[in-house]
Amino acid sequence: MAYINDYQYYENGGANPEDANWGSYQYTSLEEIVNNFMLMYQGNNELLNNLSRYQVLFYAKRGIQELNYDAMKEIKILELDVCNSLRFVLPQDFVNWVRVSVYRNGFLLPLVENIQTNWSGAYLQDNNCNILFDQDGNVLKPQHSNLDMDRILGSKKSIYLNANSPFNNQAGFNVDGSWYFDYAIGARFGLNPETANQNPTFSIDKKSGVINFSSGVINDMVIVEYVSDGMENGNNASIEVNKLFEDYIYAFIRYSILNGRLGVQEYIVNRARKDKSALLRNAKIRLSNIHPGRLLQNLRGQAKWIK
Amino acid sequence: MAANINEIRNTVLAIANKNNYGYISPSDFNLYAKQAQMDMFEDYFYQYNNWINRQNGRTSGSGYADILKSLVEVIEGFSVTSFLAQTLANQYALPADYYFIDKLFYYPTVLSTGTNTFVNAFKLTDGAATFSNLTAPYTPPVGSLIVNTTTVGECFVTNVDSPTVLSISGDIMNLNDSYVIYENTNITEVERVSQNKIFYLTSSPLTAPSAQFPAYTLEGNTVTVYPTVIGPNVGSSVFSQWAASRVQAQYIRYPLTPQWTFVALAGGEPVFNNTAATFQDFELPDSDEPALIAKICQYVGIEIREGDVYQFGTAELNEETQTTT
């Protein structure tokens, strides 16, 4: 962003919102990236010339998207209540999730993704299992599948050791048709750690754009941490990238354009490719933010007693 | 300094006036002068391209050997920046004298609008305005662009005198003239897009034209700017659409047609008069005088059926071409 004085930074020059410029110095806007690229990297005496600005804009945005998928640790967090439908509609700019938690009694309880599905589509069938169609030849579908209904009504059992576990949170063994349970006498042999979590579980239906939960989260507040593609719902004015990545974006644009151009020598394309890859690694290292204070605090964890 | 039309005419007449039958009438001379100037004007753009190639081939020097720089200086002598006349909501008419549109641009941020309520030289006075000079940057900041939307004059803010009075760099405001003040720091270029690409561009979520990255297409003498609505602006909702006095073009115009004018005949000869209303000197620089003479000689040689004159012109031009390319 442009350089501003302290009054503009701290109080936005007296305008609302007051915090509009806080922390803004860390970032370079999309407009600046495109502008700088057109100014510095394309021209009659440069490697690239006769570029349209929209080409640069396209590759700049693609570069920012790739960064968000790959390297950015800029997590977005959204909190929503989950009601009887047991679903959480994904945010508009959702690309992938990082962590899903329930906020209950002042604690954030991280949830695990169900290794089984907990949702399904369904077709209506008659008593002979024939699929039913409407007059246009389209298959008839119920509003919810049985799997969904059971989950919503709370009657679906879970392989996780939570409230929907078949045996009230206990791991059991079926021997000759009889169940045996190993109560805690210093150990729980046979426990499957993968499913040994008493919190509710979730499963993401990407196509429908929802997170489906097991029945334990009705009326709970769910916090979803997710990554976006950085496109800010198409608002070009809000798109920005951390300055640590700025050089990488220029390299990405340069490589992408050279790679698609006719008659560019392969060694030039290769040079641009290596440049881009090296700068991405460099940016990742920069953003990993390893410094002594953090390392020290992590290393203090080694003093913890493991029971 | 521009090439002197009278000197050129005298030289051409001296070359062509063999045995007193090589006389060229003023009207014929003016026709040939126009042709010659236009020919050389266009040639500048090809030379420009040629010298860029030479520069990239590292066969061109810098400093006084920077030929490209002198070519650019001549071309940019014809550069004009002006507001375009709005014809429809998002359409503007290009100026009639444009040869080459270098760029279109607009001022995205409107700081304020209003009417001049009192006439004072180099001042803008608006009784309803709320300008502020309490804290820097002032509102509007010094350097902001003021456009008189009634007369399409423009100048800059030089000081905020009071909440209702601005000092301005030009004496452009008449009583009840409307004005708009634009922020002068984030001027945005409107990009030229070819007709066969525009709908791909507008349909693409990543590259669709926006207020930050607008685009235009050209059809005849009309440009259509995209997006059709550019969104709200600071201080005014009126200017959320494209408006008159909003889009400017920087272009290279055609050179004005040279006119050798005279007052009367003296001894059968027309007497040169450079104060006539229709007088127009050449616009190409002095250094082009030999080439202009040579070109006109070619035309004259054909008119008077004199091969020597034509061949002289051709030889001169060839020599010129060899020197400059």
# chains A, B, ... in the order shown; residues from 1 in each chain; ligands from 1
$ residues_around --residues "segment 189-203 of chain B" --least-positions-apart "4" --cutoff "10 Å" --atoms "only C-alpha atoms" --output "number ranges by chain"
A: 35, 52-54; B: 101-108, 207-219, 223-227, 247-249
$ write_last_selection --atoms "N, CA, C and O atoms" --output "compact mmCIF listing (two decimals), in the first residue's frame"
# COMPACT_ATOMS: atom_id res chain seq x y z
N ASN A 35 0.77 -3.39 -11.31
CA ASN A 35 1.39 -2.13 -11.71
C ASN A 35 2.91 -2.25 -11.77
O ASN A 35 3.55 -1.86 -12.76
N SER A 52 -0.56 -7.71 -22.44
CA SER A 52 -1.78 -7.03 -22.01
C SER A 52 -1.82 -7.08 -20.49
O SER A 52 -1.38 -8.06 -19.89
N ARG A 53 -2.39 -6.06 -19.91
CA ARG A 53 -2.45 -6.02 -18.45
C ARG A 53 -3.29 -7.17 -17.90
O ARG A 53 -3.02 -7.70 -16.83
N TYR A 54 -4.34 -7.56 -18.67
CA TYR A 54 -5.18 -8.63 -18.15
C TYR A 54 -4.45 -9.96 -18.08
O TYR A 54 -4.77 -10.81 -17.24
N ILE B 101 -3.83 6.15 -30.18
CA ILE B 101 -4.21 6.27 -28.76
C ILE B 101 -3.16 5.57 -27.92
O ILE B 101 -2.96 4.35 -28.05
N ASP B 102 -2.46 6.32 -27.12
CA ASP B 102 -1.43 5.70 -26.29
C ASP B 102 -2.06 5.08 -25.05
O ASP B 102 -1.75 3.95 -24.70
N LYS B 103 -2.91 5.83 -24.39
CA LYS B 103 -3.59 5.25 -23.23
C LYS B 103 -4.86 6.02 -22.90
O LYS B 103 -4.98 7.21 -23.20
N LEU B 104 -5.79 5.29 -22.30
CA LEU B 104 -6.98 5.90 -21.71
C LEU B 104 -6.86 5.73 -20.21
O LEU B 104 -6.38 4.70 -19.75
N PHE B 105 -7.30 6.70 -19.47
CA PHE B 105 -7.23 6.57 -18.02
C PHE B 105 -8.35 7.35 -17.38
O PHE B 105 -8.97 8.21 -18.01
N TYR B 106 -8.59 7.03 -16.11
CA TYR B 106 -9.61 7.78 -15.39
C TYR B 106 -9.20 7.94 -13.93
O TYR B 106 -8.28 7.27 -13.46
N TYR B 107 -9.88 8.85 -13.27
CA TYR B 107 -9.61 9.13 -11.86
C TYR B 107 -10.66 8.40 -11.04
O TYR B 107 -11.82 8.81 -11.04
N PRO B 108 -10.29 7.33 -10.33
CA PRO B 108 -11.30 6.51 -9.66
C PRO B 108 -11.95 7.19 -8.46
O PRO B 108 -13.10 6.93 -8.15
N THR B 207 -10.38 -12.18 -14.51
CA THR B 207 -9.90 -11.01 -15.25
C THR B 207 -10.99 -10.03 -15.63
O THR B 207 -10.73 -9.09 -16.36
N ALA B 208 -12.21 -10.27 -15.17
CA ALA B 208 -13.30 -9.37 -15.54
C ALA B 208 -12.92 -7.92 -15.21
O ALA B 208 -12.37 -7.66 -14.15
N PRO B 209 -13.19 -6.99 -16.11
CA PRO B 209 -12.84 -5.60 -15.84
C PRO B 209 -13.48 -5.11 -14.54
O PRO B 209 -14.61 -5.48 -14.23
N SER B 210 -12.74 -4.32 -13.81
CA SER B 210 -13.24 -3.81 -12.53
C SER B 210 -12.78 -2.36 -12.41
O SER B 210 -12.08 -1.84 -13.29
N ALA B 211 -13.16 -1.73 -11.31
CA ALA B 211 -12.77 -0.33 -11.11
C ALA B 211 -11.25 -0.19 -11.07
O ALA B 211 -10.69 0.81 -11.51
N GLN B 212 -10.56 -1.23 -10.57
CA GLN B 212 -9.09 -1.18 -10.51
C GLN B 212 -8.46 -1.51 -11.87
O GLN B 212 -7.41 -1.02 -12.20
N PHE B 213 -9.13 -2.38 -12.61
CA PHE B 213 -8.57 -2.84 -13.88
C PHE B 213 -9.62 -2.71 -15.00
O PHE B 213 -10.10 -3.71 -15.53
N PRO B 214 -9.99 -1.50 -15.35
CA PRO B 214 -11.01 -1.33 -16.39
C PRO B 214 -10.43 -1.59 -17.78
O PRO B 214 -9.21 -1.61 -17.97
N ALA B 215 -11.32 -1.78 -18.73
CA ALA B 215 -10.89 -2.08 -20.10
C ALA B 215 -11.77 -1.30 -21.08
O ALA B 215 -12.84 -0.80 -20.71
N TYR B 216 -11.31 -1.20 -22.31
CA TYR B 216 -12.16 -0.59 -23.34
C TYR B 216 -11.95 -1.27 -24.67
O TYR B 216 -10.90 -1.88 -24.91
N THR B 217 -12.98 -1.18 -25.48
CA THR B 217 -12.86 -1.63 -26.86
C THR B 217 -13.10 -0.43 -27.76
O THR B 217 -13.74 0.55 -27.36
N LEU B 218 -12.60 -0.55 -28.96
CA LEU B 218 -12.70 0.56 -29.92
C LEU B 218 -13.56 0.14 -31.08
O LEU B 218 -13.38 -0.96 -31.64
N GLU B 219 -14.50 0.98 -31.45
CA GLU B 219 -15.34 0.71 -32.61
C GLU B 219 -15.57 2.03 -33.32
O GLU B 219 -16.22 2.93 -32.75
N VAL B 223 -15.18 4.63 -28.04
CA VAL B 223 -14.67 3.61 -27.14
C VAL B 223 -15.78 3.24 -26.16
O VAL B 223 -16.54 4.09 -25.71
N THR B 224 -15.85 1.93 -25.88
CA THR B 224 -16.79 1.43 -24.88
C THR B 224 -15.98 0.94 -23.70
O THR B 224 -15.11 0.08 -23.85
N VAL B 225 -16.25 1.51 -22.54
CA VAL B 225 -15.46 1.15 -21.36
C VAL B 225 -16.20 0.13 -20.51
O VAL B 225 -17.42 0.14 -20.42
N TYR B 226 -15.42 -0.74 -19.91
CA TYR B 226 -15.93 -1.80 -19.04
C TYR B 226 -15.20 -1.73 -17.71
O TYR B 226 -14.02 -1.38 -17.70
N PRO B 227 -15.83 -2.06 -16.57
CA PRO B 227 -17.20 -2.53 -16.43
C PRO B 227 -18.20 -1.41 -16.70
O PRO B 227 -17.83 -0.23 -16.62
N VAL B 247 -13.15 10.29 -18.16
CA VAL B 247 -12.16 9.48 -18.87
C VAL B 247 -11.30 10.39 -19.74
O VAL B 247 -11.82 11.23 -20.48
N GLN B 248 -10.01 10.23 -19.61
CA GLN B 248 -9.10 11.03 -20.42
C GLN B 248 -8.31 10.13 -21.36
O GLN B 248 -8.09 8.96 -21.07
N ALA B 249 -7.89 10.71 -22.46
CA ALA B 249 -7.04 9.98 -23.41
C ALA B 249 -5.73 10.73 -23.57
O ALA B 249 -5.73 11.97 -23.64
$ interface_residues --of "chain A" --to "chain B" --cutoff "10 Å" --atoms "only C-alpha atoms" --output "PyMOL selection string"
chain A and resi 2+4-5+7-8+13+30-31+34-35+44-46+52-62+231+233-237
$ closest_residue --among "A:Asn138, A:Ser228, A:Ser208, A:Asn50" --to "Leu78 of chain A" --atoms "only C-alpha atoms"
A:Ser228
$ residues_around --residues "Lys274 of chain A" --least-positions-apart "6" --cutoff "12 Å" --atoms "only C-alpha atoms" --output "number ranges by chain"
A: 248, 251-252, 254-255, 267-268, 280-281
$ write_last_selection --atoms "N, CA and C atoms" --output "compact mmCIF listing (two decimals), in the first residue's frame"
# COMPACT_ATOMS: atom_id res chain seq x y z
N TYR A 248 8.21 -13.72 -5.33
CA TYR A 248 7.75 -14.99 -5.90
C TYR A 248 6.61 -14.74 -6.90
N ALA A 251 8.00 -13.64 -10.09
CA ALA A 251 8.65 -14.77 -10.78
C ALA A 251 7.61 -15.71 -11.36
N PHE A 252 6.52 -15.90 -10.63
CA PHE A 252 5.46 -16.79 -11.11
C PHE A 252 4.83 -16.22 -12.39
N ARG A 254 6.19 -14.11 -14.48
CA ARG A 254 7.18 -14.12 -15.56
C ARG A 254 7.29 -15.51 -16.17
N TYR A 255 7.37 -16.50 -15.29
CA TYR A 255 7.49 -17.87 -15.79
C TYR A 255 6.23 -18.28 -16.57
N TYR A 267 15.90 -22.49 -22.65
CA TYR A 267 16.76 -22.16 -21.49
C TYR A 267 16.22 -20.95 -20.74
N ILE A 268 15.54 -20.07 -21.45
CA ILE A 268 14.96 -18.90 -20.77
C ILE A 268 13.76 -19.33 -19.92
N LEU A 280 9.87 -19.58 -4.26
CA LEU A 280 8.79 -20.16 -3.45
C LEU A 280 9.37 -20.80 -2.19
N ARG A 281 10.46 -21.55 -2.37
CA ARG A 281 11.11 -22.17 -1.20
C ARG A 281 11.58 -21.09 -0.23
$ closest_residue --among "A:Asn282, A:Gln116, A:Gln42, A:Ser155" --to "Asp247 of chain A" --atoms "only C-alpha atoms"
A:Asn282
$ closest_residue --among "B:Thr139, B:Ser79, B:Asn184, B:Thr11" --to "Asp97 of chain B" --atoms "only C-alpha atoms"
B:Ser79
$ select_by_dssp --residues "segment 62-261 of chain A" --states "strand (DSSP E)" --output "MDAnalysis selection string"
chainID A and resid 76:82 87:89 96:104 107:110 112:113 172:175 178:181 201:205 210:213 220:227 240:242
$ residues_around --residues "Glu42 of chain B" --least-positions-apart "3" --cutoff "10 Å" --atoms "only C-alpha atoms" --output "JSON, numbers by chain"
{"B": [37, 38, 39, 45, 46, 47, 75, 99, 254]}
$ closest_atom_pairs --of "segment 106-149 of chain A" --to "segment 86-91 of chain A" --cutoff "12 Å" --atoms "only C-alpha atoms" --output "JSON lines"
{"residue": "A:Asn118", "atom": "CA", "partner": "A:Leu86", "partner_atom": "CA", "distance": 11.0}
{"residue": "A:Trp119", "atom": "CA", "partner": "A:Arg87", "partner_atom": "CA", "distance": 10.5}
{"residue": "A:Asp148", "atom": "CA", "partner": "A:Leu86", "partner_atom": "CA", "distance": 9.6}
{"residue": "A:Met149", "atom": "CA", "partner": "A:Leu86", "partner_atom": "CA", "distance": 10.5}
$ closest_residue --among "B:Met40, B:Val165, B:Cys155, B:Leu111" --to "Val180 of chain B" --atoms "only C-alpha atoms"
B:Leu111
$ residues_around --residues "segment 219-221 of chain A" --least-positions-apart "3" --cutoff "7 Å" --atoms "only C-alpha atoms" --output "ChimeraX atom specification"
/A:79-83,102-104
$ residues_around --residues "Val300 of chain B" --least-positions-apart "6" --cutoff "9 Å" --atoms "only C-alpha atoms" --output "ChimeraX atom specification"
/B:12,16,22,24,28-29,32,306,309-310
$ residues_around --residues "Trp260 of chain B" --least-positions-apart "5" --cutoff "7 Å" --atoms "only C-alpha atoms" --output "list of chain:residue names"
B:Ile5, B:Asn6, B:Pro26, B:Asn30, B:Phe279, B:Gln280
$ atom_distance --atom1 "atom CA of Leu287 of chain A" --atom2 "atom CA of Thr28 of chain A"
15.2 Å
$ closest_residue --among "B:Asp126, B:Asn133, B:Ala36, B:Thr257" --to "Asp281 of chain B" --atoms "only C-alpha atoms"
B:Thr257
$ atom_distance --atom1 "atom CA of Ala272 of chain A" --atom2 "atom CA of Met40 of chain A"
15.6 Å
$ select_by_dssp --residues "segment 31-262 of chain A" --states "alpha helix (DSSP H)" --output "MDAnalysis selection string"
chainID A and resid 31:40 53:70 146:153 246:260
$ write_last_selection --atoms "C-alpha atoms" --output "mmCIF file, in the first residue's frame"
data_model
loop_
_atom_site.group_PDB
_atom_site.id
_atom_site.type_symbol
_atom_site.label_atom_id
_atom_site.label_comp_id
_atom_site.auth_asym_id
_atom_site.auth_seq_id
_atom_site.Cartn_x
_atom_site.Cartn_y
_atom_site.Cartn_z
ATOM 1 C CA GLU A 31 -3.058 -3.497 -7.960
ATOM 2 C CA GLU A 32 0.516 -2.738 -6.906
ATOM 3 C CA ILE A 33 1.728 -6.129 -8.081
ATOM 4 C CA VAL A 34 0.216 -5.702 -11.527
ATOM 5 C CA ASN A 35 1.387 -2.128 -11.712
ATOM 6 C CA ASN A 36 4.941 -2.981 -10.675
ATOM 7 C CA PHE A 37 5.119 -5.892 -13.089
ATOM 8 C CA MET A 38 3.943 -3.800 -16.013
ATOM 9 C CA LEU A 39 6.435 -1.121 -15.062
ATOM 10 C CA MET A 40 9.518 -3.202 -14.317
ATOM 11 C CA ARG A 53 -2.452 -6.021 -18.448
ATOM 12 C CA TYR A 54 -5.185 -8.625 -18.150
ATOM 13 C CA GLN A 55 -2.606 -11.346 -18.795
ATOM 14 C CA VAL A 56 -0.528 -10.096 -15.906
ATOM 15 C CA LEU A 57 -3.651 -9.780 -13.767
ATOM 16 C CA PHE A 58 -4.653 -13.360 -14.551
ATOM 17 C CA TYR A 59 -1.286 -14.830 -13.670
ATOM 18 C CA ALA A 60 -0.944 -12.629 -10.590
ATOM 19 C CA LYS A 61 -4.224 -13.987 -9.292
ATOM 20 C CA ARG A 62 -3.293 -17.525 -10.192
ATOM 21 C CA GLY A 63 -0.009 -17.076 -8.346
ATOM 22 C CA ILE A 64 -1.817 -15.799 -5.267
ATOM 23 C CA GLN A 65 -4.227 -18.736 -5.423
ATOM 24 C CA GLU A 66 -1.354 -21.205 -5.636
ATOM 25 C CA LEU A 67 0.325 -19.509 -2.700
ATOM 26 C CA ASN A 68 -2.796 -19.806 -0.633
ATOM 27 C CA TYR A 69 -3.083 -23.512 -1.393
ATOM 28 C CA ASP A 70 0.590 -24.210 -0.924
ATOM 29 C CA ASN A 146 -31.703 -43.118 5.763
ATOM 30 C CA LEU A 147 -28.104 -42.569 6.738
ATOM 31 C CA ASP A 148 -28.707 -38.826 7.005
ATOM 32 C CA MET A 149 -31.967 -39.316 8.884
ATOM 33 C CA ASP A 150 -30.373 -41.614 11.408
ATOM 34 C CA ARG A 151 -27.541 -39.167 11.927
ATOM 35 C CA ILE A 152 -29.888 -36.213 12.331
ATOM 36 C CA LEU A 153 -32.188 -38.140 14.675
ATOM 37 C CA GLU A 246 6.151 -10.412 -3.525
ATOM 38 C CA ASP A 247 9.186 -11.517 -5.489
ATOM 39 C CA TYR A 248 7.749 -14.985 -5.897
ATOM 40 C CA ILE A 249 4.595 -13.566 -7.463
ATOM 41 C CA TYR A 250 6.647 -11.624 -10.006
ATOM 42 C CA ALA A 251 8.648 -14.770 -10.780
ATOM 43 C CA PHE A 252 5.462 -16.788 -11.114
ATOM 44 C CA ILE A 253 3.963 -14.293 -13.562
ATOM 45 C CA ARG A 254 7.182 -14.121 -15.558
ATOM 46 C CA TYR A 255 7.494 -17.873 -15.791
ATOM 47 C CA SER A 256 3.832 -18.423 -16.642
ATOM 48 C CA ILE A 257 3.930 -15.931 -19.482
ATOM 49 C CA LEU A 258 7.263 -17.107 -20.877
ATOM 50 C CA ASN A 259 6.125 -20.701 -20.648
ATOM 51 C CA GLY A 260 3.101 -20.006 -22.808
#
$ closest_residue --among "B:Ser169, B:Thr113, B:Ser27, B:Thr130" --to "Thr261 of chain B" --atoms "only C-alpha atoms"
B:Ser27
$ decode --residues "segment 25-111 of chain B" --atoms "C-alpha atoms" --output "PDB file, in the first residue's frame"
ATOM      1  CA  SER B  25       2.216  27.817 -56.917  1.00  0.00           C
ATOM      2  CA  PRO B  26       1.489  28.315 -53.170  1.00  0.00           C
ATOM      3  CA  SER B  27      -1.510  25.980 -53.293  1.00  0.00           C
ATOM      4  CA  ASP B  28       0.537  23.207 -54.942  1.00  0.00           C
ATOM      5  CA  PHE B  29       3.349  23.748 -52.474  1.00  0.00           C
ATOM      6  CA  ASN B  30       0.910  23.469 -49.577  1.00  0.00           C
ATOM      7  CA  LEU B  31      -0.422  20.188 -50.936  1.00  0.00           C
ATOM      8  CA  TYR B  32       3.076  18.738 -51.305  1.00  0.00           C
ATOM      9  CA  ALA B  33       4.107  20.090 -47.904  1.00  0.00           C
ATOM     10  CA  LYS B  34       1.195  18.297 -46.257  1.00  0.00           C
ATOM     11  CA  GLN B  35       2.031  15.032 -48.013  1.00  0.00           C
ATOM     12  CA  ALA B  36       5.700  15.280 -47.174  1.00  0.00           C
ATOM     13  CA  GLN B  37       5.081  16.066 -43.526  1.00  0.00           C
ATOM     14  CA  MET B  38       2.571  13.240 -43.126  1.00  0.00           C
ATOM     15  CA  ASP B  39       4.919  10.812 -44.811  1.00  0.00           C
ATOM     16  CA  MET B  40       7.765  11.735 -42.506  1.00  0.00           C
ATOM     17  CA  PHE B  41       5.519  11.788 -39.448  1.00  0.00           C
ATOM     18  CA  GLU B  42       4.469   8.187 -40.037  1.00  0.00           C
ATOM     19  CA  ASP B  43       8.029   7.255 -40.744  1.00  0.00           C
ATOM     20  CA  TYR B  44       8.945   8.264 -37.205  1.00  0.00           C
ATOM     21  CA  PHE B  45       6.971   5.338 -35.782  1.00  0.00           C
ATOM     22  CA  TYR B  46       8.708   2.831 -38.046  1.00  0.00           C
ATOM     23  CA  GLN B  47      12.057   4.346 -37.162  1.00  0.00           C
ATOM     24  CA  TYR B  48      11.137   4.105 -33.500  1.00  0.00           C
ATOM     25  CA  ASN B  49      10.467   0.393 -33.867  1.00  0.00           C
ATOM     26  CA  ASN B  50      13.622  -0.082 -35.906  1.00  0.00           C
ATOM     27  CA  TRP B  51      15.774   1.600 -33.284  1.00  0.00           C
ATOM     28  CA  ILE B  52      14.237  -0.464 -30.495  1.00  0.00           C
ATOM     29  CA  ASN B  53      15.290  -3.569 -32.383  1.00  0.00           C
ATOM     30  CA  ARG B  54      18.760  -2.126 -32.769  1.00  0.00           C
ATOM     31  CA  GLN B  55      18.873  -1.289 -29.091  1.00  0.00           C
ATOM     32  CA  ASN B  56      17.902  -4.834 -28.206  1.00  0.00           C
ATOM     33  CA  GLY B  57      20.580  -6.086 -30.603  1.00  0.00           C
ATOM     34  CA  ARG B  58      23.026  -3.899 -28.685  1.00  0.00           C
ATOM     35  CA  THR B  59      23.959  -1.871 -31.767  1.00  0.00           C
ATOM     36  CA  SER B  60      22.750   1.393 -30.339  1.00  0.00           C
ATOM     37  CA  GLY B  61      24.511   3.557 -27.826  1.00  0.00           C
ATOM     38  CA  SER B  62      23.475   5.770 -24.980  1.00  0.00           C
ATOM     39  CA  GLY B  63      24.044   9.448 -24.257  1.00  0.00           C
ATOM     40  CA  TYR B  64      24.296  11.427 -27.507  1.00  0.00           C
ATOM     41  CA  ALA B  65      24.097   8.153 -29.424  1.00  0.00           C
ATOM     42  CA  ASP B  66      20.632   7.500 -28.019  1.00  0.00           C
ATOM     43  CA  ILE B  67      18.758   8.008 -31.280  1.00  0.00           C
ATOM     44  CA  LEU B  68      15.627   6.495 -29.821  1.00  0.00           C
ATOM     45  CA  LYS B  69      15.404   9.277 -27.294  1.00  0.00           C
ATOM     46  CA  SER B  70      15.348  11.964 -29.958  1.00  0.00           C
ATOM     47  CA  LEU B  71      12.708  10.057 -31.900  1.00  0.00           C
ATOM     48  CA  VAL B  72      10.565   9.799 -28.784  1.00  0.00           C
ATOM     49  CA  GLU B  73      10.962  13.527 -28.201  1.00  0.00           C
ATOM     50  CA  VAL B  74       9.631  14.287 -31.669  1.00  0.00           C
ATOM     51  CA  ILE B  75       6.727  11.842 -31.365  1.00  0.00           C
ATOM     52  CA  GLU B  76       5.782  13.084 -27.920  1.00  0.00           C
ATOM     53  CA  GLY B  77       5.757  16.618 -29.284  1.00  0.00           C
ATOM     54  CA  PHE B  78       2.461  15.550 -30.815  1.00  0.00           C
ATOM     55  CA  SER B  79       1.131  14.103 -27.584  1.00  0.00           C
ATOM     56  CA  VAL B  80      -2.172  15.474 -26.306  1.00  0.00           C
ATOM     57  CA  THR B  81      -4.113  14.654 -23.152  1.00  0.00           C
ATOM     58  CA  SER B  82      -7.793  15.527 -23.066  1.00  0.00           C
ATOM     59  CA  PHE B  83     -11.103  14.457 -21.626  1.00  0.00           C
ATOM     60  CA  LEU B  84     -13.276  12.387 -23.915  1.00  0.00           C
ATOM     61  CA  ALA B  85     -16.843  13.392 -24.666  1.00  0.00           C
ATOM     62  CA  GLN B  86     -19.361  10.945 -23.241  1.00  0.00           C
ATOM     63  CA  THR B  87     -21.832   9.729 -25.850  1.00  0.00           C
ATOM     64  CA  LEU B  88     -23.662   7.001 -23.923  1.00  0.00           C
ATOM     65  CA  ALA B  89     -23.488   5.600 -20.398  1.00  0.00           C
ATOM     66  CA  ASN B  90     -20.166   3.832 -20.897  1.00  0.00           C
ATOM     67  CA  GLN B  91     -19.217   5.126 -24.317  1.00  0.00           C
ATOM     68  CA  TYR B  92     -16.958   8.004 -25.234  1.00  0.00           C
ATOM     69  CA  ALA B  93     -15.995   9.647 -28.512  1.00  0.00           C
ATOM     70  CA  LEU B  94     -12.351   9.832 -29.454  1.00  0.00           C
ATOM     71  CA  PRO B  95     -10.925  13.159 -30.591  1.00  0.00           C
ATOM     72  CA  ALA B  96     -11.079  13.791 -34.328  1.00  0.00           C
ATOM     73  CA  ASP B  97      -7.339  14.457 -34.656  1.00  0.00           C
ATOM     74  CA  TYR B  98      -5.992  11.308 -33.047  1.00  0.00           C
ATOM     75  CA  TYR B  99      -3.440   9.219 -34.898  1.00  0.00           C
ATOM     76  CA  PHE B 100      -2.523   6.782 -32.147  1.00  0.00           C
ATOM     77  CA  ILE B 101      -4.212   6.265 -28.764  1.00  0.00           C
ATOM     78  CA  ASP B 102      -1.432   5.705 -26.290  1.00  0.00           C
ATOM     79  CA  LYS B 103      -3.594   5.253 -23.227  1.00  0.00           C
ATOM     80  CA  LEU B 104      -6.982   5.896 -21.712  1.00  0.00           C
ATOM     81  CA  PHE B 105      -7.234   6.566 -18.022  1.00  0.00           C
ATOM     82  CA  TYR B 106      -9.613   7.777 -15.387  1.00  0.00           C
ATOM     83  CA  TYR B 107      -9.608   9.127 -11.863  1.00  0.00           C
ATOM     84  CA  PRO B 108     -11.305   6.512  -9.661  1.00  0.00           C
ATOM     85  CA  THR B 109     -11.744   8.578  -6.512  1.00  0.00           C
ATOM     86  CA  VAL B 110     -14.070  11.545  -6.455  1.00  0.00           C
ATOM     87  CA  LEU B 111     -13.291  13.753  -3.469  1.00  0.00           C
TER      88      LEU B 111
END
